[in-house]
Structure formats: structure tokens, C-alpha cells
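Reproduced below: protein-v4.cif, with mmCIF, C-alpha atoms.
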```
data_input
#
loop_
_atom_site.group_PDB
_atom_site.id
_atom_site.type_symbol
_atom_site.label_atom_id
_atom_site.label_comp_id
_atom_site.auth_asym_id
_atom_site.auth_seq_id
_atom_site.Cartn_x
_atom_site.Cartn_y
_atom_site.Cartn_z
ATOM 1 C CA MET A 229 0.000 0.000 0.000
ATOM 2 C CA GLN A 230 1.327 3.384 -0.968
ATOM 3 C CA GLN A 231 1.033 6.382 1.334
ATOM 4 C CA SER A 232 0.386 9.828 -0.027
ATOM 5 C CA ASN A 233 2.646 12.801 0.596
ATOM 6 C CA ALA A 234 0.040 14.386 2.846
ATOM 7 C CA VAL A 235 -0.025 11.322 5.125
ATOM 8 C CA ARG A 236 3.776 11.237 5.302
ATOM 9 C CA LYS A 237 3.922 14.916 6.249
ATOM 10 C CA LEU A 238 1.202 14.343 8.825
ATOM 11 C CA GLU A 239 3.184 11.497 10.382
ATOM 12 C CA GLU A 240 6.358 13.585 10.410
ATOM 13 C CA ASN A 241 4.658 16.465 12.216
ATOM 14 C CA PHE A 242 2.565 14.318 14.547
ATOM 15 C CA PRO A 243 4.256 11.052 15.455
ATOM 16 C CA THR A 244 1.967 8.165 16.350
ATOM 17 C CA GLU A 245 4.017 7.193 19.396
ATOM 18 C CA ALA A 246 3.119 8.966 22.588
ATOM 19 C CA PRO A 247 5.876 11.099 24.123
ATOM 20 C CA GLN A 248 7.195 10.098 27.508
ATOM 21 C CA ILE A 249 5.414 11.843 30.355
ATOM 22 C CA LYS A 250 7.666 13.185 33.102
ATOM 23 C CA LYS A 251 6.550 12.774 36.616
ATOM 24 C CA ARG A 252 6.475 16.052 38.406
ATOM 25 C CA GLU A 253 6.639 16.795 42.033
ATOM 26 C CA PRO A 254 3.270 17.175 43.738
ATOM 27 C CA GLN A 255 2.234 20.782 44.175
ATOM 28 C CA PHE A 256 0.265 22.386 46.958
ATOM 29 C CA GLY A 257 -3.445 21.662 46.435
ATOM 30 C CA ASP A 258 -2.894 18.539 44.306
ATOM 31 C CA ARG A 259 -4.896 15.557 45.449
ATOM 32 C CA PRO A 260 -3.838 12.133 44.336
ATOM 33 C CA ASN A 261 -6.614 9.989 42.889
ATOM 34 C CA PRO A 262 -5.711 6.329 42.422
ATOM 35 C CA GLN A 263 -8.720 5.704 40.132
ATOM 36 C CA VAL A 264 -7.620 8.166 37.473
ATOM 37 C CA LYS A 265 -5.401 6.717 34.762
ATOM 38 C CA PRO A 266 -2.909 8.969 32.998
ATOM 39 C CA VAL A 267 -4.032 10.209 29.567
ATOM 40 C CA GLN A 268 -1.858 9.203 26.637
ATOM 41 C CA LYS A 269 -1.870 11.461 23.614
ATOM 42 C CA VAL A 270 -2.127 9.418 20.436
ATOM 43 C CA VAL A 271 -2.547 10.763 16.914
ATOM 44 C CA PRO A 272 -4.574 8.405 14.726
ATOM 45 C CA SER A 273 -2.848 7.121 11.634
ATOM 46 C CA VAL A 274 -4.417 7.940 8.291
ATOM 47 C CA THR A 275 -4.030 5.665 5.301
ATOM 48 C CA THR A 276 -5.231 6.416 1.819
ATOM 49 C CA GLN A 277 -6.078 3.784 -0.705
ATOM 50 C CA VAL A 278 -7.500 4.068 -4.191
ATOM 51 C CA THR A 279 -10.592 1.935 -4.713
ATOM 52 C CA HIS A 280 -11.891 3.232 -8.054
ATOM 53 C CA GLU A 281 -10.094 4.545 -11.034
ATOM 54 C CA HIS A 282 -12.002 6.730 -13.532
ATOM 55 C CA ILE A 283 -10.843 8.156 -16.818
ATOM 56 C CA ILE A 284 -12.502 11.428 -17.725
ATOM 57 C CA ARG A 285 -12.475 12.461 -21.346
ATOM 58 C CA ILE A 286 -13.317 15.982 -22.380
ATOM 59 C CA GLN A 287 -14.394 16.453 -25.958
ATOM 60 C CA ALA A 288 -13.697 19.727 -27.620
ATOM 61 C CA PRO A 289 -16.251 21.521 -29.786
ATOM 62 C CA THR A 290 -16.158 20.507 -33.456
ATOM 63 C CA ASP A 291 -14.885 23.867 -34.672
ATOM 64 C CA LEU A 292 -11.737 23.487 -32.515
ATOM 65 C CA LEU A 293 -11.068 19.988 -33.877
ATOM 66 C CA ASN A 294 -11.145 21.115 -37.494
ATOM 67 C CA ASP A 295 -8.448 23.764 -37.224
ATOM 68 C CA GLY A 296 -6.085 21.562 -39.250
ATOM 69 C CA GLU A 297 -3.162 21.604 -36.798
ATOM 70 C CA SER A 298 -4.044 18.686 -34.543
ATOM 71 C CA GLN A 299 -6.595 15.955 -34.275
ATOM 72 C CA LEU A 300 -7.257 16.561 -30.570
ATOM 73 C CA ALA A 301 -7.502 20.094 -29.279
ATOM 74 C CA VAL A 302 -7.705 20.882 -25.587
ATOM 75 C CA PRO A 303 -10.853 22.872 -24.840
ATOM 76 C CA SER A 304 -10.565 26.162 -23.026
ATOM 77 C CA LEU A 305 -11.862 26.115 -19.477
ATOM 78 C CA SER A 306 -12.342 29.873 -19.350
ATOM 79 C CA LEU A 307 -15.740 31.083 -18.201
ATOM 80 C CA PHE A 308 -15.608 34.031 -20.571
ATOM 81 C CA GLU A 309 -15.067 31.887 -23.678
ATOM 82 C CA GLY A 310 -17.741 32.628 -26.221
ATOM 83 C CA TYR A 311 -19.118 35.593 -24.293
ATOM 84 C CA LYS A 312 -18.864 37.844 -27.322
ATOM 85 C CA LYS A 313 -20.585 35.251 -29.484
ATOM 86 C CA GLN A 314 -23.580 35.012 -27.138
ATOM 87 C CA LYS A 315 -24.004 38.720 -26.506
ATOM 88 C CA LYS A 316 -27.352 39.897 -27.902
ATOM 89 C CA ALA A 317 -29.196 43.166 -27.768
ATOM 90 C CA LEU A 318 -31.456 43.566 -24.746
ATOM 91 C CA VAL A 319 -34.585 44.982 -26.429
ATOM 92 C CA PRO A 320 -34.934 42.242 -29.077
ATOM 93 C CA THR A 321 -34.386 39.610 -26.396
ATOM 94 C CA ILE A 322 -37.142 41.103 -24.231
ATOM 95 C CA LEU A 323 -39.514 41.423 -27.197
ATOM 96 C CA ASN A 324 -38.776 37.844 -28.236
ATOM 97 C CA ASP A 325 -39.556 36.695 -24.696
ATOM 98 C CA ILE A 326 -42.820 38.664 -24.636
ATOM 99 C CA PHE A 327 -43.978 37.329 -27.997
ATOM 100 C CA SER A 328 -43.041 33.756 -27.126
ATOM 101 C CA ASN A 329 -45.100 33.982 -23.910
ATOM 102 C CA LEU A 330 -47.840 36.248 -25.264
ATOM 103 C CA LEU A 331 -50.724 34.086 -24.033
ATOM 104 C CA THR A 332 -49.359 34.134 -20.489
ATOM 105 C CA TYR A 333 -48.956 37.901 -20.468
ATOM 106 C CA VAL A 334 -52.436 38.435 -21.938
ATOM 107 C CA LEU A 335 -53.969 36.174 -19.297
ATOM 108 C CA ILE A 336 -52.097 38.018 -16.539
ATOM 109 C CA LEU A 337 -53.347 41.342 -17.926
ATOM 110 C CA VAL A 338 -56.952 40.060 -18.129
ATOM 111 C CA VAL A 339 -56.868 38.700 -14.570
ATOM 112 C CA THR A 340 -55.404 41.959 -13.245
ATOM 113 C CA THR A 341 -58.036 44.005 -15.103
ATOM 114 C CA LEU A 342 -60.847 41.809 -13.776
ATOM 115 C CA ALA A 343 -59.498 42.148 -10.234
ATOM 116 C CA VAL A 344 -59.393 45.953 -10.514
ATOM 117 C CA LEU A 345 -62.933 46.019 -11.949
ATOM 118 C CA LYS A 346 -64.181 43.802 -9.116
ATOM 119 C CA VAL A 347 -62.639 46.138 -6.538
ATOM 120 C CA HIS A 348 -64.295 49.095 -8.302
ATOM 121 C CA GLN A 349 -67.652 47.275 -8.351
ATOM 122 C CA VAL A 350 -67.410 46.484 -4.634
ATOM 123 C CA GLN A 351 -66.616 50.135 -3.870
ATOM 124 C CA MET A 352 -69.577 51.327 -5.955
ATOM 125 C CA THR A 353 -71.849 48.841 -4.135
ATOM 126 C CA ARG A 354 -70.634 50.152 -0.782
ATOM 127 C CA ASP A 355 -71.302 53.741 -1.851
ATOM 128 C CA MET A 356 -74.820 52.836 -3.032
ATOM 129 C CA THR A 357 -75.507 50.992 0.240
ATOM 130 C CA ILE A 358 -74.415 54.059 2.211
ATOM 131 C CA GLN A 359 -76.708 56.295 0.131
ATOM 132 C CA TYR A 360 -79.590 53.815 0.544
ATOM 133 C CA ASN A 361 -79.128 53.790 4.338
ATOM 134 C CA GLU A 362 -79.112 57.609 4.392
ATOM 135 C CA VAL A 363 -82.358 57.730 2.357
ATOM 136 C CA ILE A 364 -84.011 55.197 4.693
ATOM 137 C CA ARG A 365 -82.903 57.208 7.747
ATOM 138 C CA HIS A 366 -84.255 60.418 6.170
ATOM 139 C CA ASN A 367 -87.572 58.678 5.333
ATOM 140 C CA GLU A 368 -87.894 57.467 8.938
ATOM 141 C CA LEU A 369 -87.351 61.024 10.205
ATOM 142 C CA LEU A 370 -89.975 62.347 7.782
ATOM 143 C CA HIS A 371 -92.405 59.612 8.860
ATOM 144 C CA LYS A 372 -91.907 60.500 12.558
ATOM 145 C CA GLU A 373 -92.464 64.184 11.771
ATOM 146 C CA TRP A 374 -95.602 63.317 9.795
ATOM 147 C CA LEU A 375 -96.993 61.285 12.709
ATOM 148 C CA THR A 376 -96.244 64.165 15.091
ATOM 149 C CA LEU A 377 -98.099 66.603 12.830
ATOM 150 C CA LEU A 378 -101.066 64.230 12.576
ATOM 151 C CA SER A 379 -101.299 63.873 16.359
ATOM 152 C CA ASP A 380 -101.059 67.667 16.786
ATOM 153 C CA ARG A 381 -103.822 68.201 14.223
ATOM 154 C CA GLU A 382 -106.037 65.664 15.953
ATOM 155 C CA ALA A 383 -105.463 67.332 19.283
ATOM 156 C CA LEU A 384 -106.283 70.738 17.835
ATOM 157 C CA THR A 385 -109.326 69.537 15.925
ATOM 158 C CA GLU A 386 -110.723 67.754 19.002
ATOM 159 C CA TYR A 387 -110.700 71.001 20.946
ATOM 160 C CA SER A 388 -112.474 72.894 18.182
ATOM 161 C CA VAL A 389 -115.056 70.070 17.773
ATOM 162 C CA ILE A 390 -115.763 70.048 21.504
ATOM 163 C CA ARG A 391 -116.105 73.830 21.555
ATOM 164 C CA LYS A 392 -118.430 73.797 18.546
ATOM 165 C CA ASN A 393 -120.628 71.065 20.087
ATOM 166 C CA ALA A 394 -120.717 72.926 23.397
ATOM 167 C CA ASP A 395 -121.772 76.145 21.696
ATOM 168 C CA GLU A 396 -124.415 74.655 19.412
ATOM 169 C CA LYS A 397 -125.928 71.719 21.304
ATOM 170 C CA LEU A 398 -125.582 72.860 24.892
ATOM 171 C CA GLY A 399 -125.747 76.577 24.287
ATOM 172 C CA MET A 400 -122.707 77.221 26.409
ATOM 173 C CA VAL A 401 -120.871 80.523 26.140
ATOM 174 C CA GLN A 402 -117.517 81.641 27.399
ATOM 175 C CA PRO A 403 -117.936 84.154 30.194
ATOM 176 C CA LYS A 404 -116.524 87.607 29.840
ATOM 177 C CA THR A 405 -113.741 88.774 32.026
ATOM 178 C CA GLU A 406 -116.034 90.912 34.142
ATOM 179 C CA ASP A 407 -118.385 88.000 34.813
ATOM 180 C CA GLU A 408 -115.680 85.618 35.983
ATOM 181 C CA VAL A 409 -115.789 84.686 39.666
ATOM 182 C CA VAL A 410 -112.700 83.557 41.544
ATOM 183 C CA ILE A 411 -113.365 81.102 44.376
ATOM 184 C CA ASP A 412 -110.899 80.773 47.183
ATOM 185 C CA LEU A 413 -110.657 77.193 48.492
ATOM 186 C CA ARG A 414 -108.637 77.819 51.627
#
```
This structure in C-alpha cells:
Amino acid sequence: MQQSNAVRKLEENFPTEAPQIKKREPQFGDRPNPQVKPVQKVVPSVTTQVTHEHIIRIQAPTDLLNDGESQLAVPSLSLFEGYKKQKKALVPTILNDIFSNLLTYVLILVVTTLAVLKVHQVQMTRDMTIQYNEVIRHNELLHKEWLTLLSDREALTEYSVIRKNADEKLGMVQPKTEDEVVIDLR
């Protein structure tokens, strides 16, 4: 088995054998504990082994293969390769996108228009309901006033009917101020 350079460097820097621990003199405050075992520092060993071997082949575009100099050309791994070839104008790209998805945009426009019209219709209905409630309230006030006027008229007409009947049928007359007599009930 073959070790990689990284494993060898790791073993050189961190040996797998534990260094010898020196016994030191007990210090003030140290308490010996016979149950505690000394800790040994051990660095685990790392081994690398290859289990699968893959061959990756990268094919170049056909225009690079036909340059006449070599049969196999190494493709460029640059991210900016072909950027100038793919650069298009922005406005035609946007218009092309709009026309290719025209049905979607028309449906979105129709749904948005219908939503705005529905909101407008709801607002108009609310306004009409408010006006209707105001008219009903005004009609109720007029009806109360009409009933008050009717009761006042009845009260006034009853007095005049009683006075007329008293004058005609009973022959009663209202005394004059000189003929009035004040009675003291004390």
C-alpha cells in the first residue's frame, strides 16, 4: 500500500508514538486519585487507498477539432469563452420573450383588469348601500315628523269640535272677564 505525501507529512509532524510523560513533584493543592489513569496522547494514523479509477475524457467543440493543426484540441476552461458570441441586444431579447409567452402575459393582464374592476364594483356597491341607508334614515325622520303633525292636528281639531258642540248643542258661552268669579278654596 502506498502512502500519499500528505499522510507522510502528517506522520512527520505528529508522530503516532506517545511522548514520555515526566513525573512532576506534587504541588500544593494537588490531590492524588488512584482511580484516574494517565491520559496518553495518540494521533490516529491515516491511510489512503484508491478503490476506483475513472478516466474522464473531455471532448472539444467541433470547430476546434477542425483547425487543421491537430486531431485533438484541448478545450478552453475559461468562463468568458464565447461571451462575445452570445451577446445579444437587450430589447430584441425582451420582445422575443414577450412574444413567445404572449398568451401568459395576456392572461395576466386580463386577470389583473378583472381584479381591478371587481374592486371598483365592490366600492360602488358600498357607496350605493351608504346612500340607501341615508335615504331610509331620512324617510324614517320624515315619517316620525308626519306622525307628530297628525297627532297635533287631531289634538287641535278635538278642541275645536268640543267647543263647537258645546256652543251649538248645549248653548254654552264663554264668560266675559267681568263676569268671571274667583273662588278661594282655603
Box along x, y and z, 4 Å on every side, all listed atoms of segment 337-347 of chain A inside: centre and edge lengths in Å to one decimal, as AutoDock Vina command-line options.
```
--center_x -58.8 --center_y 42.4 --center_z -12.3 --size_x 18.8 --size_y 15.4 --size_z 19.6
```
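In this structure, atom CA of Ala343 of chain A sits 20.0 Å away from atom CA of Met356 of chain A.
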Work out how far atom CA of Glu240 of chain A is from atom CA of Gln277 of chain A, in Å to one decimal.
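Distance reported for this atom pair: 19.3 Å.
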Could you please determine the separation between atom CA of Ile326 of chain A and atom CA of Val344 of chain A in Å, to one decimal place?
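Answer for the atom CA of Ile326 of chain A to atom CA of Val344 of chain A separation: 23.0 Å.
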Do you have, as JSON lines, the list of residues of segment 385-407 of chain A lying at most 12 Å from segment 369-380 of chain A, each with its nearest atom pair and that distance in Å to one decimal, counting only C-alpha atoms and ordered by chain then number?
```
{"residue": "A:Thr385", "atom": "CA", "partner": "A:Asp380", "partner_atom": "CA", "distance": 8.5}
{"residue": "A:Glu386", "atom": "CA", "partner": "A:Asp380", "partner_atom": "CA", "distance": 9.9}
{"residue": "A:Tyr387", "atom": "CA", "partner": "A:Asp380", "partner_atom": "CA", "distance": 11.0}
```
